[in-house]
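Quick look at final_37.txt (compact mmCIF, C-alpha atoms and all ligand atoms):
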```
# COMPACT_ATOMS: atom_id res chain seq x y z
CA MET J 280 -118.41 18.82 -70.66
CA GLU J 281 -121.32 16.43 -70.70
CA LEU J 282 -123.01 14.59 -67.84
CA ARG J 283 -125.43 11.78 -68.62
CA LEU J 284 -128.37 11.70 -66.22
CA GLY J 285 -130.72 8.88 -65.28
CA PHE J 286 -133.92 9.68 -63.38
CA ILE J 287 -135.32 7.14 -60.92
CA GLY J 288 -138.67 8.72 -60.06
CA PHE J 289 -140.07 11.52 -62.20
CA GLY J 290 -142.61 13.20 -59.94
CA ASN J 291 -142.96 16.77 -58.59
CA VAL J 292 -139.32 17.19 -57.54
CA ALA J 293 -137.70 15.55 -60.57
CA ARG J 294 -139.87 17.47 -63.02
CA ALA J 295 -139.18 20.78 -61.22
CA PHE J 296 -135.47 19.91 -61.49
CA ALA J 297 -135.91 19.15 -65.21
CA ARG J 298 -137.52 22.58 -65.65
CA ILE J 299 -134.54 24.28 -63.93
CA LEU J 300 -132.13 22.36 -66.19
CA ALA J 301 -134.07 23.62 -69.24
CA SER J 302 -134.37 27.23 -68.06
CA ARG J 303 -130.71 27.44 -66.96
CA SER J 304 -129.07 25.42 -69.73
CA SER J 305 -127.06 28.33 -71.18
CA GLU J 306 -125.85 29.49 -67.73
CA LEU J 307 -124.88 25.93 -66.81
CA ALA J 308 -122.87 25.63 -70.00
CA ARG J 309 -121.31 29.08 -69.68
CA ASP J 310 -120.61 29.19 -65.93
CA PHE J 311 -119.91 25.52 -65.19
CA ASP J 312 -119.13 23.99 -68.61
CA LEU J 313 -122.02 21.62 -67.89
CA ILE J 314 -124.23 20.06 -70.54
CA VAL J 315 -126.67 17.33 -69.54
CA ARG J 316 -128.07 14.45 -71.55
CA THR J 317 -130.91 12.34 -70.16
CA THR J 318 -130.35 8.64 -70.81
CA ALA J 319 -132.94 7.01 -68.56
CA ILE J 320 -136.22 7.67 -66.76
CA ALA J 321 -137.97 5.21 -64.44
CA THR J 322 -141.41 5.87 -62.96
CA GLY J 323 -144.05 3.89 -61.10
CA SER J 324 -146.89 4.28 -63.60
CA HIS J 325 -145.62 6.20 -66.67
CA GLY J 326 -143.13 3.61 -67.88
CA CYS J 327 -139.41 2.92 -67.56
CA ILE J 328 -137.16 3.88 -70.48
CA VAL J 329 -133.52 4.14 -71.50
CA SER J 330 -131.80 5.72 -74.50
CA ALA J 331 -128.04 5.96 -74.95
CA GLU J 332 -128.52 8.75 -77.54
CA GLY J 333 -130.51 10.85 -75.12
CA LEU J 334 -134.15 11.68 -74.44
CA ASP J 335 -136.00 14.94 -74.89
CA LEU J 336 -136.35 15.96 -71.24
CA ASP J 337 -138.89 18.76 -71.88
CA LEU J 338 -141.09 16.34 -73.80
CA ALA J 339 -140.72 13.78 -70.99
CA VAL J 340 -142.02 16.40 -68.53
CA THR J 341 -145.06 17.28 -70.62
CA THR J 342 -145.75 13.61 -71.37
CA ALA J 343 -145.64 12.63 -67.68
CA GLU J 344 -147.73 15.67 -66.67
CA SER J 345 -150.40 14.87 -69.22
CA GLY J 346 -150.58 11.28 -67.99
CA GLY J 347 -148.94 9.83 -71.11
CA ARG J 348 -146.52 6.90 -71.43
CA LEU J 349 -142.82 7.73 -71.59
CA THR J 350 -142.29 4.70 -73.81
CA ALA J 351 -143.81 6.79 -76.63
CA LEU J 352 -140.89 9.28 -76.52
CA PRO J 353 -138.64 9.33 -79.62
CA GLY J 354 -135.62 7.04 -79.15
CA ALA J 355 -136.98 5.45 -75.97
CA ILE J 356 -136.24 1.79 -75.33
CA ASP J 357 -138.76 0.15 -73.00
CA ALA J 358 -136.83 -1.16 -69.97
CA ASP J 359 -139.98 -2.47 -68.30
CA GLU J 360 -139.08 -1.85 -64.65
CA THR J 361 -136.86 0.26 -62.43
CA THR J 362 -134.31 -2.38 -61.40
CA ARG J 363 -133.62 -3.02 -65.10
CA VAL J 364 -133.18 0.70 -65.73
CA VAL J 365 -130.57 0.87 -62.95
CA ALA J 366 -128.83 -2.21 -64.36
CA MET J 367 -128.91 -1.10 -68.02
CA CYS J 368 -128.72 2.66 -68.17
CA GLU J 369 -125.63 4.48 -69.34
CA ALA J 370 -125.50 7.40 -66.93
CA ASP J 371 -122.85 9.29 -65.00
CA VAL J 372 -125.29 10.45 -62.33
CA LEU J 373 -128.54 8.88 -61.16
CA ILE J 374 -131.15 11.29 -59.77
CA GLU J 375 -133.23 9.26 -57.29
CA THR J 376 -136.54 10.84 -56.21
CA THR J 377 -138.92 7.99 -55.45
CA PRO J 378 -141.32 8.19 -52.49
CA LEU J 379 -140.10 7.79 -48.92
CA ASN J 380 -140.46 4.39 -47.31
CA PRO J 381 -140.01 5.22 -43.61
CA ILE J 382 -140.05 1.56 -42.55
CA ASP J 383 -136.78 0.47 -44.16
CA GLY J 384 -135.82 2.95 -46.90
CA GLU J 385 -136.38 0.33 -49.62
CA PRO J 386 -136.41 -0.19 -52.56
CA ALA J 387 -134.55 3.10 -53.09
CA THR J 388 -131.57 1.97 -50.99
CA GLU J 389 -131.11 -1.10 -53.17
CA TRP J 390 -131.30 0.97 -56.39
CA ILE J 391 -128.70 3.40 -55.02
CA ARG J 392 -126.47 0.50 -53.92
CA LYS J 393 -126.66 -1.03 -57.43
CA ALA J 394 -125.97 2.33 -59.10
CA LEU J 395 -122.89 2.97 -56.94
CA LEU J 396 -121.62 -0.54 -57.65
CA ARG J 397 -121.94 0.31 -61.37
CA ARG J 398 -119.80 3.42 -60.68
CA MET J 399 -122.59 5.92 -61.20
CA SER J 400 -122.72 8.89 -58.85
CA VAL J 401 -126.05 9.32 -57.10
CA VAL J 402 -128.05 12.37 -56.05
CA THR J 403 -131.13 11.68 -53.97
CA ALA J 404 -133.91 13.75 -52.40
CA ASN J 405 -135.21 10.63 -50.67
CA LYS J 406 -134.21 10.61 -47.01
CA GLY J 407 -134.94 6.91 -46.46
CA PRO J 408 -131.57 5.68 -47.76
CA ILE J 409 -129.68 8.28 -45.66
CA ALA J 410 -131.63 7.40 -42.52
CA PHE J 411 -131.19 3.63 -42.94
CA ALA J 412 -127.98 3.07 -44.87
CA TYR J 413 -125.85 6.22 -44.93
CA ASP J 414 -122.64 4.59 -43.66
CA GLU J 415 -122.85 1.70 -46.11
CA LEU J 416 -123.79 3.82 -49.15
CA SER J 417 -121.21 6.54 -48.53
CA ALA J 418 -118.49 3.89 -48.04
CA LEU J 419 -119.59 2.20 -51.27
CA ALA J 420 -119.37 5.51 -53.13
CA ARG J 421 -115.84 6.13 -51.80
CA GLU J 422 -114.70 2.60 -52.72
CA HIS J 423 -115.98 3.03 -56.26
CA GLY J 424 -114.64 6.55 -56.76
CA VAL J 425 -118.04 8.18 -57.24
CA SER J 426 -120.15 10.71 -55.35
CA PHE J 427 -123.23 10.26 -53.21
CA ARG J 428 -125.03 13.53 -52.43
CA PHE J 429 -128.34 14.22 -50.73
CA GLU J 430 -128.72 17.93 -49.85
CA GLY J 431 -132.46 17.89 -50.66
CA THR J 432 -133.30 15.17 -48.13
CA VAL J 433 -133.60 17.55 -45.18
CA MET J 434 -134.90 21.14 -45.41
CA ASP J 435 -135.15 21.01 -49.18
CA GLY J 436 -132.59 23.34 -50.77
CA ALA J 437 -131.37 25.01 -47.58
CA PRO J 438 -127.71 24.12 -47.18
CA ILE J 439 -127.40 21.82 -44.17
CA PHE J 440 -125.07 19.03 -45.25
CA ASN J 441 -123.11 21.42 -47.49
CA LEU J 442 -122.91 23.93 -44.63
CA ALA J 443 -121.37 21.35 -42.32
CA GLU J 444 -119.08 19.87 -44.98
CA LYS J 445 -117.87 23.02 -46.69
CA CYS J 446 -118.24 25.83 -44.12
CA LEU J 447 -117.72 24.12 -40.76
CA PRO J 448 -114.68 21.84 -41.22
CA GLY J 449 -113.24 20.83 -37.84
CA VAL J 450 -116.40 21.81 -35.95
CA ARG J 451 -118.08 19.09 -33.89
CA ILE J 452 -121.89 19.08 -33.91
CA ILE J 453 -123.05 18.20 -30.43
CA ALA J 454 -126.84 18.42 -30.65
CA LEU J 455 -129.63 19.19 -33.10
CA ALA J 456 -133.15 20.58 -32.72
CA GLY J 457 -135.41 21.21 -35.66
CA VAL J 458 -138.86 21.82 -37.02
CA LEU J 459 -138.31 19.66 -40.07
CA ASN J 460 -141.72 18.70 -41.39
CA SER J 461 -143.55 21.32 -43.47
CA THR J 462 -146.88 19.50 -43.52
CA THR J 463 -147.31 19.32 -39.73
CA ASN J 464 -146.16 22.92 -39.39
CA TYR J 465 -148.67 23.98 -42.01
CA ILE J 466 -151.45 22.08 -40.21
CA LEU J 467 -150.60 23.54 -36.78
CA THR J 468 -150.39 27.07 -38.23
CA GLY J 469 -153.75 26.59 -39.97
CA MET J 470 -155.36 25.26 -36.79
CA GLU J 471 -154.01 28.31 -34.89
CA ARG J 472 -155.97 30.38 -37.42
CA GLY J 473 -159.17 28.45 -36.77
CA ARG J 474 -159.09 25.95 -39.64
CA SER J 475 -159.73 22.25 -39.17
CA PHE J 476 -157.05 19.55 -39.22
CA GLU J 477 -158.71 17.94 -42.29
CA GLU J 478 -158.88 21.22 -44.25
CA CYS J 479 -155.20 21.91 -43.62
CA ILE J 480 -154.04 18.45 -44.61
CA ALA J 481 -156.08 18.56 -47.83
CA GLU J 482 -154.49 21.92 -48.65
CA ALA J 483 -150.95 20.57 -47.93
CA LYS J 484 -151.67 17.72 -50.36
CA ARG J 485 -152.89 20.14 -53.03
CA MET J 486 -149.69 22.18 -52.61
CA GLY J 487 -147.55 19.04 -53.15
CA VAL J 488 -145.94 19.53 -49.72
CA ALA J 489 -147.34 16.42 -48.01
CA GLU J 490 -145.76 13.01 -48.53
CA ALA J 491 -147.63 10.67 -50.91
CA ASN J 492 -148.90 9.02 -47.69
CA ALA J 493 -149.61 12.01 -45.42
CA ASP J 494 -149.80 9.75 -42.33
CA TYR J 495 -146.00 9.68 -42.55
CA ASP J 496 -146.01 13.43 -41.87
CA VAL J 497 -148.78 13.56 -39.27
CA ASP J 498 -147.48 10.66 -37.18
CA GLY J 499 -143.93 12.00 -37.11
CA TRP J 500 -142.32 9.39 -39.38
CA ASP J 501 -140.98 11.95 -41.84
CA ALA J 502 -139.40 13.99 -39.02
CA ALA J 503 -138.02 10.78 -37.45
CA VAL J 504 -136.41 9.78 -40.73
CA LYS J 505 -134.94 13.29 -41.09
CA ILE J 506 -133.45 13.45 -37.59
CA ALA J 507 -131.96 9.97 -38.08
CA ALA J 508 -130.49 11.10 -41.43
CA LEU J 509 -129.07 14.28 -39.85
CA ALA J 510 -127.61 12.33 -36.93
CA ASN J 511 -126.02 9.78 -39.29
CA VAL J 512 -124.33 12.39 -41.46
CA LEU J 513 -123.55 15.16 -38.97
CA MET J 514 -123.00 13.19 -35.75
CA ASP J 515 -121.70 9.86 -37.04
CA ALA J 516 -124.60 8.16 -35.24
CA ASN J 517 -124.97 5.03 -37.37
CA THR J 518 -128.63 4.92 -36.33
CA ASN J 519 -132.00 4.55 -38.05
CA PRO J 520 -135.56 5.86 -37.57
CA ARG J 521 -136.56 2.84 -35.46
CA ASN J 522 -134.33 4.29 -32.73
CA VAL J 523 -136.26 7.57 -32.65
CA GLU J 524 -138.81 8.04 -29.82
CA ARG J 525 -141.69 9.30 -31.94
CA ARG J 526 -145.03 11.05 -31.36
CA GLY J 527 -147.02 12.89 -34.04
CA ILE J 528 -149.54 15.74 -33.96
CA ARG J 529 -152.71 13.70 -34.52
CA TYR J 530 -153.99 14.31 -30.99
CA ILE J 531 -153.14 18.01 -30.75
CA THR J 532 -156.36 20.00 -30.37
CA SER J 533 -157.23 23.64 -30.97
CA LYS J 534 -157.52 23.94 -27.17
CA ASP J 535 -153.84 22.87 -26.79
CA LEU J 536 -152.86 25.60 -29.24
CA GLU J 537 -154.95 28.22 -27.41
CA VAL J 538 -153.34 27.33 -24.07
CA ALA J 539 -149.86 27.66 -25.61
CA SER J 540 -150.78 30.96 -27.26
CA ALA J 541 -152.06 32.42 -23.96
CA ALA J 542 -148.59 31.72 -22.54
CA GLY J 543 -146.82 33.46 -25.49
CA ALA J 544 -145.84 30.12 -26.94
CA ILE J 545 -146.60 27.89 -29.88
CA VAL J 546 -146.86 24.11 -30.34
CA ARG J 547 -144.49 22.64 -32.91
CA LEU J 548 -143.39 19.14 -33.92
CA VAL J 549 -139.76 19.23 -32.79
CA ALA J 550 -137.10 16.67 -33.72
CA ARG J 551 -134.07 16.43 -31.46
CA ALA J 552 -130.72 14.66 -31.29
CA GLU J 553 -129.31 15.10 -27.78
CA PRO J 554 -126.20 13.50 -26.32
CA LEU J 555 -126.78 11.57 -23.08
CA PRO J 556 -124.23 9.62 -21.00
CA SER J 557 -125.93 6.46 -22.33
CA GLY J 558 -125.57 7.60 -26.00
CA LEU J 559 -127.41 9.77 -28.47
CA ARG J 560 -131.13 10.24 -27.78
CA LEU J 561 -133.33 10.90 -30.82
CA THR J 562 -136.87 12.20 -30.32
CA VAL J 563 -139.76 13.60 -32.33
CA GLY J 564 -142.81 15.04 -30.63
CA PRO J 565 -145.02 18.09 -30.14
CA GLU J 566 -143.36 20.67 -27.88
CA THR J 567 -144.43 24.06 -26.59
CA VAL J 568 -141.77 26.53 -27.73
CA PRO J 569 -141.51 30.31 -27.28
CA ILE J 570 -142.86 32.27 -30.27
CA SER J 571 -139.53 34.11 -30.46
CA SER J 572 -137.51 30.87 -30.84
CA PRO J 573 -136.28 29.89 -34.32
CA LEU J 574 -138.35 26.76 -33.69
CA GLY J 575 -141.52 28.91 -33.59
CA ALA J 576 -141.63 28.65 -37.40
CA ARG J 577 -144.98 29.19 -39.15
CA GLY J 578 -146.57 27.82 -42.31
CA THR J 579 -144.33 25.48 -44.25
CA THR J 580 -141.20 27.15 -42.84
CA ASN J 581 -138.54 24.78 -41.48
CA ALA J 582 -135.83 25.53 -38.93
CA LEU J 583 -132.81 23.70 -37.61
CA ILE J 584 -130.52 24.64 -34.73
CA LEU J 585 -127.08 23.05 -34.71
CA ARG J 586 -125.30 23.15 -31.33
CA THR J 587 -121.56 22.99 -31.96
CA ASP J 588 -118.34 22.95 -29.92
CA LEU J 589 -116.44 25.78 -31.65
CA MET J 590 -119.26 27.86 -33.17
CA GLY J 591 -121.96 27.87 -30.47
CA GLU J 592 -125.44 27.62 -31.91
CA ILE J 593 -126.18 28.11 -35.60
CA ALA J 594 -129.78 28.33 -36.79
CA VAL J 595 -130.82 27.76 -40.39
CA ILE J 596 -134.32 28.85 -41.37
CA GLU J 597 -135.91 28.08 -44.70
CA ALA J 598 -138.95 30.31 -45.21
CA ASP J 599 -141.93 28.66 -46.91
CA PRO J 600 -140.03 26.21 -49.11
CA GLY J 601 -141.68 24.71 -52.15
CA VAL J 602 -140.78 22.00 -54.58
CA GLU J 603 -138.41 24.39 -56.43
CA GLN J 604 -136.12 24.52 -53.40
CA THR J 605 -135.78 20.74 -53.36
CA ALA J 606 -135.19 20.82 -57.11
CA TYR J 607 -132.45 23.38 -56.50
CA ALA J 608 -130.84 21.02 -53.99
CA LEU J 609 -130.58 18.44 -56.79
CA LEU J 610 -128.97 21.06 -59.02
CA SER J 611 -126.46 22.11 -56.36
CA ASP J 612 -125.54 18.44 -55.80
CA LEU J 613 -125.18 17.93 -59.54
CA ILE J 614 -122.91 20.97 -59.90
CA ASN J 615 -120.78 19.77 -56.98
CA ILE J 616 -120.41 16.35 -58.60
CA HIS J 617 -119.54 17.94 -61.92
CA ARG J 618 -116.88 20.13 -60.28
CA ASP J 619 -115.46 17.12 -58.49
CA ARG J 620 -115.29 15.10 -61.71
CA LYS J 621 -113.57 17.98 -63.49
CA ALA J 622 -111.08 18.37 -60.63
CA ARG J 623 -110.29 14.65 -60.91
CA GLY J 624 -109.90 14.89 -64.69
CA ILE J 625 -112.97 12.79 -65.53
CA ILE J 626 -113.96 14.38 -68.82
CA ARG J 627 -116.79 13.51 -71.20
CA ARG J 628 -117.13 15.82 -74.21
CA ALA J 629 -120.60 16.35 -75.62
N1 LIG Y 1 -142.03 17.41 -52.66
C1 LIG Y 1 -141.13 18.02 -51.90
O1 LIG Y 1 -141.18 19.24 -51.71
C2 LIG Y 1 -139.98 17.24 -51.30
C3 LIG Y 1 -139.08 17.90 -50.46
C4 LIG Y 1 -137.97 17.20 -49.96
C5 LIG Y 1 -137.82 15.86 -50.26
N2 LIG Y 1 -138.75 15.22 -51.03
C6 LIG Y 1 -138.56 13.82 -51.32
O2 LIG Y 1 -138.31 13.68 -52.71
C7 LIG Y 1 -138.86 12.44 -53.18
C8 LIG Y 1 -139.79 12.75 -54.34
O3 LIG Y 1 -140.82 13.60 -53.93
P1 LIG Y 1 -141.94 14.07 -54.99
O4 LIG Y 1 -142.70 15.13 -54.32
O5 LIG Y 1 -141.32 14.30 -56.30
O6 LIG Y 1 -142.81 12.73 -55.04
P2 LIG Y 1 -143.86 12.30 -56.18
O7 LIG Y 1 -144.38 13.48 -56.91
O8 LIG Y 1 -144.81 11.37 -55.54
O9 LIG Y 1 -142.94 11.50 -57.22
C9 LIG Y 1 -142.45 10.22 -56.96
C10 LIG Y 1 -141.98 9.62 -58.25
O10 LIG Y 1 -141.49 8.31 -57.98
C11 LIG Y 1 -142.08 7.45 -58.93
N3 LIG Y 1 -142.11 6.07 -58.45
C12 LIG Y 1 -142.93 5.48 -57.55
N4 LIG Y 1 -142.63 4.17 -57.43
C13 LIG Y 1 -141.61 3.95 -58.30
C14 LIG Y 1 -140.89 2.81 -58.69
N5 LIG Y 1 -141.12 1.61 -58.16
N6 LIG Y 1 -139.93 2.92 -59.64
C15 LIG Y 1 -139.66 4.13 -60.21
N7 LIG Y 1 -140.32 5.24 -59.88
C16 LIG Y 1 -141.28 5.15 -58.95
C17 LIG Y 1 -143.46 8.00 -59.20
O11 LIG Y 1 -143.93 7.48 -60.43
P3 LIG Y 1 -145.51 7.61 -60.84
O12 LIG Y 1 -145.91 9.02 -60.64
O13 LIG Y 1 -145.53 7.18 -62.24
O14 LIG Y 1 -146.22 6.68 -59.91
C18 LIG Y 1 -143.10 9.46 -59.30
O15 LIG Y 1 -142.58 9.73 -60.58
C19 LIG Y 1 -139.54 11.78 -51.98
O16 LIG Y 1 -138.67 10.84 -51.41
C20 LIG Y 1 -139.77 12.94 -51.02
O17 LIG Y 1 -139.76 12.54 -49.68
C21 LIG Y 1 -139.82 15.88 -51.57
```
Please, can you express the file's structure as structure tokens?
Amino acid sequence: MELRLGFIGFGNVARAFARILASRSSELARDFDLIVRTTAIATGSHGCIVSAEGLDLDLAVTTAESGGRLTALPGAIDADETTRVVAMCEADVLIETTPLNPIDGEPATEWIRKALLRRMSVVTANKGPIAFAYDELSALAREHGVSFRFEGTVMDGAPIFNLAEKCLPGVRIIALAGVLNSTTNYILTGMERGRSFEECIAEAKRMGVAEANADYDVDGWDAAVKIAALANVLMDANTNPRNVERRGIRYITSKDLEVASAAGAIVRLVARAEPLPSGLRLTVGPETVPISSPLGARGTTNALILRTDLMGEIAVIEADPGVEQTAYALLSDLINIHRDRKARGIIRRA
């Protein structure tokens, strides 16, 4: 059975996902009866194209990576800009991976809204739309009989939303605490080893871990967006990142780290969602945590502790994630959508 894919954003994550699709195509066909056809790709600077017949995804990857124009691909129709791609493309699932806008989640939220209205399912790795418009977008998806999935938005490919949805039905999540930003963790770990803040941030950029604008990591915006997204989905919070009390790691010094270390502790940027009598309190800030705590994660490792009513505390740790883990999250969302479509008898033969 065929799924037509449109890509909105074709950067590190989307291209890693495209590589997985290519390397696993026979397993996807054999194990899931899944064949994909790419019918649209929108980028910021490599062109915006559609093709009902289908595009050569491998060639699109090499073209984008060599700095070429996607409009040169065989069969490509120049759609000029992203909004037109969303309006024109013939796709069953849109894969949205444009950069985070931590101020209001736009323009990605608007593209997702338009795609859902056109009855396309959406998979996104961009946490902005979940942090700012989860309730609206998920309701829109339900009304239009399509799926909206976003496993890669928090902790890359580690199952967080799928864990809650599929493995913890009936469990109430009471509080959350997480080390959710790889870049700041990488910087703090590097500084503990005697490296400078600037060296560590340059390295995180080279590794493709830092956001396009690394200030979003360092000043706690990325973590604020993630805790708001988690609270919206897992705690029904209907909140947004503006409601998060936020401090970053810019003013943490090597001396602060030495003092923590002498006390058997470690400084980490911790995001929390805590219930108070006045409502849910969302915070992001540097905290001194015991080295033995799951929150004492090192390098790019992320950790999340879910405090629940029926299952006590559950910790999920994702050791040194890279872009492949986020790409896998897109694949797992795609497979879930495909299974759902098959279960509902929505069939498209290749
Ligand atoms: N990298 C990770 O490990 C990771 C992990 C979890 C979540 N995420 C999230 O996943 C998303 C993608 O991350 P990434 O690392 O792939 O970022 P990236 O490499 O910077 O790629 C972003 C893509 O979006 C495109 N883009 C920018 N403006 C656009 C526009 N107006 N219309 C269409 N496309 C546009 C860029 O095009 P040009 O290159 O042509 O400008 C590029 O193809 C982000 O929201 C990020 O927060 C990333």
- request: Could you please give me, as a VMD selection string, the residues of protein, DNA or RNA lying at most 9 Å from (-142.1, 8.4, -30.5) in the coordinate frame of the file, considering all atoms listed in the file?
  value: chain J and resid 498 to 500 503 523 to 527 562 to 564
message: Please list as a ChimeraX atom specification every residue within 7 Å of range 383-391 of chain J, counting all atoms listed in the file and excluding residues in the same chain fewer than 4 positions away.
response: /J:362,365,377,379,395,401,407-408,411
Just the residues within 9 Å of Ala420 in chain J, please, counting only C-alpha atoms, with nothing from its chain fewer than 6 positions along; format it as a PDB file with C-alpha atoms, keeping the file's coordinate frame.
```
ATOM      1  CA  ARG J 392    -126.470   0.500 -53.920  1.00  0.00           C
ATOM      2  CA  LEU J 395    -122.890   2.970 -56.940  1.00  0.00           C
ATOM      3  CA  LEU J 396    -121.620  -0.540 -57.650  1.00  0.00           C
ATOM      4  CA  ARG J 398    -119.800   3.420 -60.680  1.00  0.00           C
ATOM      5  CA  MET J 399    -122.590   5.920 -61.200  1.00  0.00           C
ATOM      6  CA  SER J 400    -122.720   8.890 -58.850  1.00  0.00           C
ATOM      7  CA  VAL J 401    -126.050   9.320 -57.100  1.00  0.00           C
ATOM      8  CA  SER J 426    -120.150  10.710 -55.350  1.00  0.00           C
ATOM      9  CA  PHE J 427    -123.230  10.260 -53.210  1.00  0.00           C
TER      10      PHE J 427
END
```
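Between ligand LIG 1 (chain Y) and the residues J:Leu509, J:Ile287, J:Ala410, J:Ala594, the shortest atom-to-atom distance, using only C-alpha atoms and all ligand atoms, involves J:Ile287.
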task: Rank nothing, just name the residue among J:Ala491, J:Ala321, J:Val402, J:Ala301 nearest to Ala366 in chain J, using only C-alpha atoms.
output: J:Ala321
- request: Name the closest residue to ligand LIG 1 (chain Y) among the candidates J:Ile625, J:Ala493, J:Ala481, J:Ile593; distances are taken between atoms, counting all atoms listed in the file.
  value: J:Ala493
query: What residues have any atom no more than 6 Å from ligand LIG 1 (chain Y) when counting all atoms listed in the file, and can you list them as number ranges by chain?
result: J: 287-293, 321-325, 361, 376-379, 404-405, 431-432, 435, 487-488, 491, 601-602, 605
